[in-house]
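**Q** Got a structure for you, written out below as structure tokens; questions coming shortly.
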Amino acid sequence: MKYYKFLAFIMVVVMLVSMVLVSACAEKESPAPAPAPAPVPSPAAPVKPIELTYGSINPATHTYSVADVAWIEKMSKDTNGRVKITPYWSATLVSAREATDELIKGVADIGYCSPGYSALPYPLHTGTLGFYYGVPDYAARRHIYDEVTAKYAGIEGEFKGIKILATSVGSMYQLITNKPVRTLEDFKGLQVKGTGVFLEVLKALGATGISMPMGEVYTNLDKGIVDGCLAPFETFASFHFGEVAKYATVLNFSSAVYPTRGMNIDSWNKLPKDIQDVFEKNIAFWEAEDDKGRFGQDQEGYEVGLKDGVEYIELSPADLTEFYQIVEQVMLQEVSKLEGKGLPGTEIYKMIRSYAK
């Protein structure tokens, strides 16, 4: 009896051990559960670019506009697309007559800003525009301007409400007319579009100077409302003046360097500091593109004028000498006007003329 009990006990133990071994093997052979997949990160929301408007009074084909487009593209690249600038050409956003004043009011964020198209006073700019006569080289005039403005900070300080982003070297002005002007006597009685101090030069030559936007000159030449305009050769290409004016008296009358592109100061102050830094670093680029384009397009405009049948007239050496004597007298009158306003006209004139010589 005891034997049978012992045998039953051994069988129970064997069965229990077998069950444990089978369970262990099953656990060993079962594949480990797959790890839970890592959560997929949500894509970062795209950064909304800073959208700015650019208002210009010039057509998209103008030499200024060619430089503007290159600058706009570079600004997008240099900010990695964080700045998007939309241009509006041909006075479609800002008006031709008040572009600078409207930029100050915030009609555009960035825009063409010339003291010649403003009702606001810019006495140092408008009064010294003609002081650079006889300096045809673009780089030389920019160098002179940089030296003068470094000494007389009030020149660029006249532009209140605008952050200056680029300056332009004034073009070489010629007399483009719908009747031939072969001598200084032929100036008398003419109605000629001009700006700033050039109006005084025209007056001294016996002509009547008229201020108007360049966009209105073509129609007024065609209708005979004006007889001509002081403008660079490039306008034969950009404004097609050769279609309505068949004569160009070569004067090569050089003018100053002056701010032409700026940003509304409130729009400027809203920009992040790192974006402002990109704008600052691209001032030299914009100016270099402007210089390059305008120099090249003057030659292009000259050739377009030839194709349009424009006659290029050279004044006699005696008339050209007398022309610049008249220019000098007008500039000395401008010096006196500046002095009368308590501005350093004499000092600036002497400094510019010393560099010119």
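Letters for chains follow the order of the structure tokens (A, B, ...), residue numbers begin at 1 for each chain, and ligand numbers begin at 1 in the order shown.
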Which residues are close to Gly206 of chain A, i.e. within 7 Å by only C-alpha atoms, leaving aside same-chain residues fewer than 4 positions away? Reply as a ChimeraX atom specification.
**A** /A:187-189,202
**Q** Per residue of segment 49-143 of chain A within 9 Å of segment 281-285 of chain A, what are the shortest atom pair and its distance in Å to one decimal, counting only C-alpha atoms, with rows by chain and residue number, as a Markdown table?
**A**
```
| residue | atom | partner | partner_atom | distance |
| --- | --- | --- | --- | --- |
| A:Trp71 | CA | A:Phe285 | CA | 7.3 |
| A:Lys74 | CA | A:Asn282 | CA | 8.3 |
| A:Met75 | CA | A:Asn282 | CA | 7.7 |
```
**Q** Per residue of segment 226-334 of chain A within 9 Å of segment 106-123 of chain A, note the shortest atom pair and the distance in Å to one decimal, counting only C-alpha atoms, and order the rows by chain and increasing residue number, as a Markdown table.
**A**
```
| residue | atom | partner | partner_atom | distance |
| --- | --- | --- | --- | --- |
| A:Tyr258 | CA | A:Ser114 | CA | 7.5 |
| A:Pro259 | CA | A:Ser114 | CA | 6.3 |
| A:Thr260 | CA | A:Cys113 | CA | 4.7 |
| A:Arg261 | CA | A:Tyr112 | CA | 4.7 |
| A:Gly262 | CA | A:Gly111 | CA | 5.7 |
| A:Met263 | CA | A:Ile110 | CA | 4.2 |
| A:Asn264 | CA | A:Asp109 | CA | 5.4 |
| A:Ile265 | CA | A:Gly106 | CA | 8.5 |
| A:Asp266 | CA | A:Gly106 | CA | 7.9 |
| A:Ser267 | CA | A:Asp109 | CA | 5.9 |
| A:Trp268 | CA | A:Asp109 | CA | 8.1 |
```
**Q** Just want the 10 Å neighbourhood of Ala67 of chain A, counted on only C-alpha atoms, with same-chain residues fewer than 4 positions away dropped. Output as a list of chain:residue names.
**A**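 My list of contacting residues is A:His62, A:Thr63, A:Trp71, A:Ile72, A:Phe285, A:Trp286, A:Glu287, A:Ala288, A:Glu289, A:Asp290, A:Asp291, A:Lys292, A:Gly293, A:Arg294.
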**Q** Give me the residues near segment 347-350 of chain A as a PyMOL selection string, where near means some atom within 12 Å (using only C-alpha atoms) and where sequence neighbours in that chain fewer than 3 positions away do not count.
**A** chain A and resi 124-125+127-133+144-145+147-155+256+328+331-336+338-339+342-344+353-357
**Q** Just C-alpha atoms for this one: save the residues we selected as a compact mmCIF listing (two decimals), in the first residue's frame.
**A**
```
# COMPACT_ATOMS: atom_id res chain seq x y z
CA LEU A 124 20.59 120.72 -49.48
CA HIS A 125 19.66 118.06 -52.03
CA GLY A 127 20.29 123.14 -54.03
CA THR A 128 23.45 121.09 -54.60
CA LEU A 129 22.30 118.87 -57.47
CA GLY A 130 24.14 120.93 -60.06
CA PHE A 131 27.38 121.34 -58.10
CA TYR A 132 28.73 118.14 -59.70
CA TYR A 133 28.83 119.53 -63.26
CA ILE A 144 32.60 112.82 -53.91
CA TYR A 145 29.08 112.41 -52.52
CA GLU A 147 32.99 112.32 -48.79
CA VAL A 148 30.60 115.30 -48.63
CA THR A 149 27.83 113.46 -46.76
CA ALA A 150 30.36 112.05 -44.31
CA LYS A 151 31.27 115.63 -43.42
CA TYR A 152 27.78 117.13 -43.70
CA ALA A 153 25.42 114.54 -42.22
CA GLY A 154 22.51 116.97 -42.58
CA ILE A 155 22.29 116.18 -46.30
CA ALA A 256 24.68 114.83 -58.10
CA GLU A 328 28.58 128.12 -62.84
CA MET A 331 25.28 127.39 -59.05
CA LEU A 332 26.78 130.40 -57.29
CA GLN A 333 23.26 131.81 -57.00
CA GLU A 334 22.21 128.50 -55.42
CA VAL A 335 25.12 128.84 -52.99
CA SER A 336 23.78 132.24 -51.92
CA LEU A 338 21.61 128.06 -49.20
CA GLU A 339 23.65 130.55 -47.17
CA GLY A 342 21.73 129.22 -42.74
CA LEU A 343 23.09 126.20 -44.65
CA PRO A 344 26.78 125.68 -45.56
CA ARG A 353 34.47 121.71 -57.00
CA SER A 354 37.87 120.92 -55.51
CA TYR A 355 37.19 117.22 -56.03
CA ALA A 356 35.84 117.91 -59.52
CA LYS A 357 39.05 119.63 -60.54
```
**Q** Taking the DSSP assignment computed from this structure's backbone, write out as a ChimeraX atom specification all residues of segment 12-238 of chain A that belong to strand (DSSP E).
**A** /A:50-55,83-88,110-112,162-169,172-177,191-193,208-210,228-231
**Q** Once you have the residues from the selection above, write them out as a compact mmCIF listing (two decimals), in the first residue's frame, restricted to C-alpha atoms.
**A**
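out-v4.txt was written with the following content:
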```
# COMPACT_ATOMS: atom_id res chain seq x y z
CA ILE A 50 7.04 89.31 -44.28
CA GLU A 51 5.11 90.82 -47.18
CA LEU A 52 6.17 94.29 -48.32
CA THR A 53 5.12 96.52 -51.22
CA TYR A 54 7.46 98.43 -53.51
CA GLY A 55 6.02 101.46 -55.32
CA VAL A 83 10.82 88.60 -47.07
CA LYS A 84 8.47 88.86 -50.05
CA ILE A 85 8.47 92.19 -51.90
CA THR A 86 5.77 92.87 -54.49
CA PRO A 87 6.60 95.67 -56.98
CA TYR A 88 4.08 98.10 -58.46
CA ILE A 110 9.38 100.66 -49.91
CA GLY A 111 9.54 103.02 -52.84
CA TYR A 112 11.23 105.36 -55.22
CA ILE A 162 12.33 107.43 -44.58
CA LYS A 163 15.07 104.85 -44.12
CA ILE A 164 17.37 105.36 -47.12
CA LEU A 165 18.14 102.04 -48.84
CA ALA A 166 19.98 103.23 -51.97
CA THR A 167 21.27 106.31 -53.74
CA SER A 168 21.68 106.94 -57.46
CA VAL A 169 24.33 108.80 -59.40
CA MET A 172 24.26 112.72 -67.86
CA TYR A 173 21.55 115.09 -69.06
CA GLN A 174 21.05 116.02 -72.70
CA LEU A 175 18.50 118.32 -74.34
CA ILE A 176 15.95 116.17 -76.19
CA THR A 177 13.67 118.26 -78.41
CA GLN A 191 9.36 125.18 -73.10
CA VAL A 192 11.53 122.46 -71.53
CA LYS A 193 10.82 119.86 -68.86
CA THR A 208 11.11 128.25 -69.65
CA GLY A 209 11.64 125.31 -67.34
CA ILE A 210 8.59 123.18 -66.55
CA GLY A 228 11.82 119.30 -75.10
CA CYS A 229 13.19 117.89 -71.88
CA LEU A 230 16.48 117.59 -70.08
CA ALA A 231 16.94 113.83 -69.87
```
**Q** What separation in Å, quoted to one decimal, exists between atom CA of Glu156 of chain A and atom CA of Asp274 of chain A?
**A** 23.8 Å
**Q** Extract the full set of alpha helix (DSSP H) residues from segment 51-215 of chain A according to DSSP on the backbone, and format it as an MDAnalysis selection string.
**A** chainID A and resid 63:78 99:105 123:128 138:151 154:157 198:204
**Q** Atoms to include: C-alpha atoms. Write the selected residues as a PDB file, in the first residue's frame.
**A**
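And here is the file that came out, selection.pdb:
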```
ATOM      1  CA  THR A  63      17.001 101.294 -65.809  1.00  0.00           C
ATOM      2  CA  TYR A  64      16.011 101.946 -62.179  1.00  0.00           C
ATOM      3  CA  SER A  65      13.500  99.089 -62.350  1.00  0.00           C
ATOM      4  CA  VAL A  66      16.039  96.619 -63.729  1.00  0.00           C
ATOM      5  CA  ALA A  67      18.185  97.276 -60.646  1.00  0.00           C
ATOM      6  CA  ASP A  68      15.080  97.072 -58.438  1.00  0.00           C
ATOM      7  CA  VAL A  69      14.187  93.588 -59.703  1.00  0.00           C
ATOM      8  CA  ALA A  70      17.730  92.314 -59.095  1.00  0.00           C
ATOM      9  CA  TRP A  71      17.593  93.702 -55.539  1.00  0.00           C
ATOM     10  CA  ILE A  72      14.138  92.237 -54.822  1.00  0.00           C
ATOM     11  CA  GLU A  73      15.307  88.783 -55.926  1.00  0.00           C
ATOM     12  CA  LYS A  74      18.466  89.015 -53.826  1.00  0.00           C
ATOM     13  CA  MET A  75      16.501  90.106 -50.759  1.00  0.00           C
ATOM     14  CA  SER A  76      14.304  87.004 -51.062  1.00  0.00           C
ATOM     15  CA  LYS A  77      17.371  84.776 -51.424  1.00  0.00           C
ATOM     16  CA  ASP A  78      19.388  86.385 -48.621  1.00  0.00           C
ATOM     17  CA  ALA A  99       5.792 109.431 -54.553  1.00  0.00           C
ATOM     18  CA  THR A 100       8.187 110.542 -51.813  1.00  0.00           C
ATOM     19  CA  ASP A 101       5.486 112.161 -49.675  1.00  0.00           C
ATOM     20  CA  GLU A 102       3.287 109.068 -50.047  1.00  0.00           C
ATOM     21  CA  LEU A 103       6.144 106.818 -48.963  1.00  0.00           C
ATOM     22  CA  ILE A 104       6.431 108.868 -45.774  1.00  0.00           C
ATOM     23  CA  LYS A 105       2.671 108.396 -45.250  1.00  0.00           C
ATOM     24  CA  PRO A 123      17.181 122.377 -49.732  1.00  0.00           C
ATOM     25  CA  LEU A 124      20.587 120.717 -49.477  1.00  0.00           C
ATOM     26  CA  HIS A 125      19.665 118.065 -52.033  1.00  0.00           C
ATOM     27  CA  THR A 126      17.893 120.250 -54.544  1.00  0.00           C
ATOM     28  CA  GLY A 127      20.293 123.139 -54.026  1.00  0.00           C
ATOM     29  CA  THR A 128      23.450 121.094 -54.604  1.00  0.00           C
ATOM     30  CA  TYR A 138      29.797 107.727 -62.142  1.00  0.00           C
ATOM     31  CA  ALA A 139      32.225 106.268 -59.598  1.00  0.00           C
ATOM     32  CA  ALA A 140      33.935 109.627 -59.128  1.00  0.00           C
ATOM     33  CA  ARG A 141      30.665 111.381 -58.347  1.00  0.00           C
ATOM     34  CA  ARG A 142      29.646 108.700 -55.855  1.00  0.00           C
ATOM     35  CA  HIS A 143      33.037 109.048 -54.160  1.00  0.00           C
ATOM     36  CA  ILE A 144      32.602 112.822 -53.913  1.00  0.00           C
ATOM     37  CA  TYR A 145      29.078 112.407 -52.521  1.00  0.00           C
ATOM     38  CA  ASP A 146      30.252 109.924 -49.895  1.00  0.00           C
ATOM     39  CA  GLU A 147      32.988 112.325 -48.786  1.00  0.00           C
ATOM     40  CA  VAL A 148      30.600 115.296 -48.632  1.00  0.00           C
ATOM     41  CA  THR A 149      27.830 113.459 -46.760  1.00  0.00           C
ATOM     42  CA  ALA A 150      30.361 112.054 -44.308  1.00  0.00           C
ATOM     43  CA  LYS A 151      31.271 115.633 -43.421  1.00  0.00           C
ATOM     44  CA  GLY A 154      22.508 116.968 -42.580  1.00  0.00           C
ATOM     45  CA  ILE A 155      22.294 116.183 -46.297  1.00  0.00           C
ATOM     46  CA  GLU A 156      20.810 112.710 -45.829  1.00  0.00           C
ATOM     47  CA  GLY A 157      19.248 113.852 -42.564  1.00  0.00           C
ATOM     48  CA  PHE A 198      18.048 122.587 -63.814  1.00  0.00           C
ATOM     49  CA  LEU A 199      14.988 124.822 -64.079  1.00  0.00           C
ATOM     50  CA  GLU A 200      17.191 127.770 -63.126  1.00  0.00           C
ATOM     51  CA  VAL A 201      19.776 126.802 -65.756  1.00  0.00           C
ATOM     52  CA  LEU A 202      17.057 126.733 -68.416  1.00  0.00           C
ATOM     53  CA  LYS A 203      15.823 130.131 -67.280  1.00  0.00           C
ATOM     54  CA  ALA A 204      19.338 131.578 -67.541  1.00  0.00           C
TER      55      ALA A 204
END
```
**Q** Do you know which residues are at most 10 Å from segment 316-318 of chain A counting only C-alpha atoms, after dropping those on the same chain fewer than 6 positions away, and could you put them as a PDB file with C-alpha atoms, in the first residue's frame?
**A**
```
ATOM      1  CA  ARG A 182      22.204 123.981 -82.591  1.00  0.00           C
ATOM      2  CA  THR A 183      23.351 127.067 -80.668  1.00  0.00           C
ATOM      3  CA  LEU A 184      22.744 128.639 -77.266  1.00  0.00           C
TER       4      LEU A 184
END
```
**Q** Go ahead and compute the interatomic distance for atom CA of Pro136 of chain A and atom CA of Ser254 of chain A, in Å to one decimal.
**A**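 Spanning atom CA of Pro136 of chain A to atom CA of Ser254 of chain A is a straight-line distance of 5.9 Å.
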**Q** Could you pull the residues within 9 Å of Ala91 of chain A, counting only C-alpha atoms, minus those fewer than 2 positions along the same chain, as number ranges by chain?
**A** A: 55-59, 88-89, 93-96, 99, 215
**Q** Restricting it to N, CA and C atoms, dump the selection as a PDB file, in the first residue's frame.
**A**
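selection_25.pdb was written with the following content:
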```pdb
ATOM      1  N   GLY A  55       6.697 100.577 -54.371  1.00  0.00           N
ATOM      2  CA  GLY A  55       6.021 101.456 -55.324  1.00  0.00           C
ATOM      3  C   GLY A  55       7.015 102.291 -56.101  1.00  0.00           C
ATOM      4  N   SER A  56       6.926 102.243 -57.420  1.00  0.00           N
ATOM      5  CA  SER A  56       7.833 103.016 -58.280  1.00  0.00           C
ATOM      6  C   SER A  56       7.037 103.825 -59.293  1.00  0.00           C
ATOM      7  N   ILE A  57       7.538 105.008 -59.592  1.00  0.00           N
ATOM      8  CA  ILE A  57       6.896 105.824 -60.629  1.00  0.00           C
ATOM      9  C   ILE A  57       7.392 105.426 -62.016  1.00  0.00           C
ATOM     10  N   ASN A  58       8.405 104.560 -62.069  1.00  0.00           N
ATOM     11  CA  ASN A  58       9.041 104.200 -63.334  1.00  0.00           C
ATOM     12  C   ASN A  58       8.432 102.939 -63.938  1.00  0.00           C
ATOM     13  N   PRO A  59       8.464 102.819 -65.276  1.00  0.00           N
ATOM     14  CA  PRO A  59       7.977 101.578 -65.900  1.00  0.00           C
ATOM     15  C   PRO A  59       8.924 100.426 -65.598  1.00  0.00           C
ATOM     16  N   TYR A  88       5.157  97.448 -57.704  1.00  0.00           N
ATOM     17  CA  TYR A  88       4.083  98.097 -58.465  1.00  0.00           C
ATOM     18  C   TYR A  88       4.738  99.198 -59.294  1.00  0.00           C
ATOM     19  N   TRP A  89       4.753  99.005 -60.619  1.00  0.00           N
ATOM     20  CA  TRP A  89       5.458  99.933 -61.510  1.00  0.00           C
ATOM     21  C   TRP A  89       4.525 101.023 -62.042  1.00  0.00           C
ATOM     22  N   LEU A  93       0.869 102.373 -57.653  1.00  0.00           N
ATOM     23  CA  LEU A  93       0.640 102.362 -56.206  1.00  0.00           C
ATOM     24  C   LEU A  93       0.880 103.749 -55.621  1.00  0.00           C
ATOM     25  N   VAL A  94       2.000 104.350 -55.976  1.00  0.00           N
ATOM     26  CA  VAL A  94       2.289 105.725 -55.560  1.00  0.00           C
ATOM     27  C   VAL A  94       2.119 106.626 -56.777  1.00  0.00           C
ATOM     28  N   SER A  95       1.787 107.880 -56.555  1.00  0.00           N
ATOM     29  CA  SER A  95       1.547 108.787 -57.674  1.00  0.00           C
ATOM     30  C   SER A  95       2.854 109.359 -58.196  1.00  0.00           C
ATOM     31  N   ALA A  96       2.838 109.750 -59.456  1.00  0.00           N
ATOM     32  CA  ALA A  96       4.050 110.263 -60.087  1.00  0.00           C
ATOM     33  C   ALA A  96       4.519 111.570 -59.464  1.00  0.00           C
ATOM     34  N   ALA A  99       5.330 110.752 -54.969  1.00  0.00           N
ATOM     35  CA  ALA A  99       5.792 109.431 -54.553  1.00  0.00           C
ATOM     36  C   ALA A  99       6.537 109.470 -53.221  1.00  0.00           C
ATOM     37  N   GLY A 215       6.606 110.430 -66.889  1.00  0.00           N
ATOM     38  CA  GLY A 215       5.555 109.685 -67.569  1.00  0.00           C
ATOM     39  C   GLY A 215       4.629 110.539 -68.415  1.00  0.00           C
TER      40      GLY A 215
END
```
**Q** For Ile326 of chain A, which residue among A:Gly305, A:Asp137, A:Leu205, A:Leu190 is the nearest when counting only C-alpha atoms?
**A**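 When distances to Ile326 of chain A are compared using only C-alpha atoms, the smallest one comes from A:Leu205.
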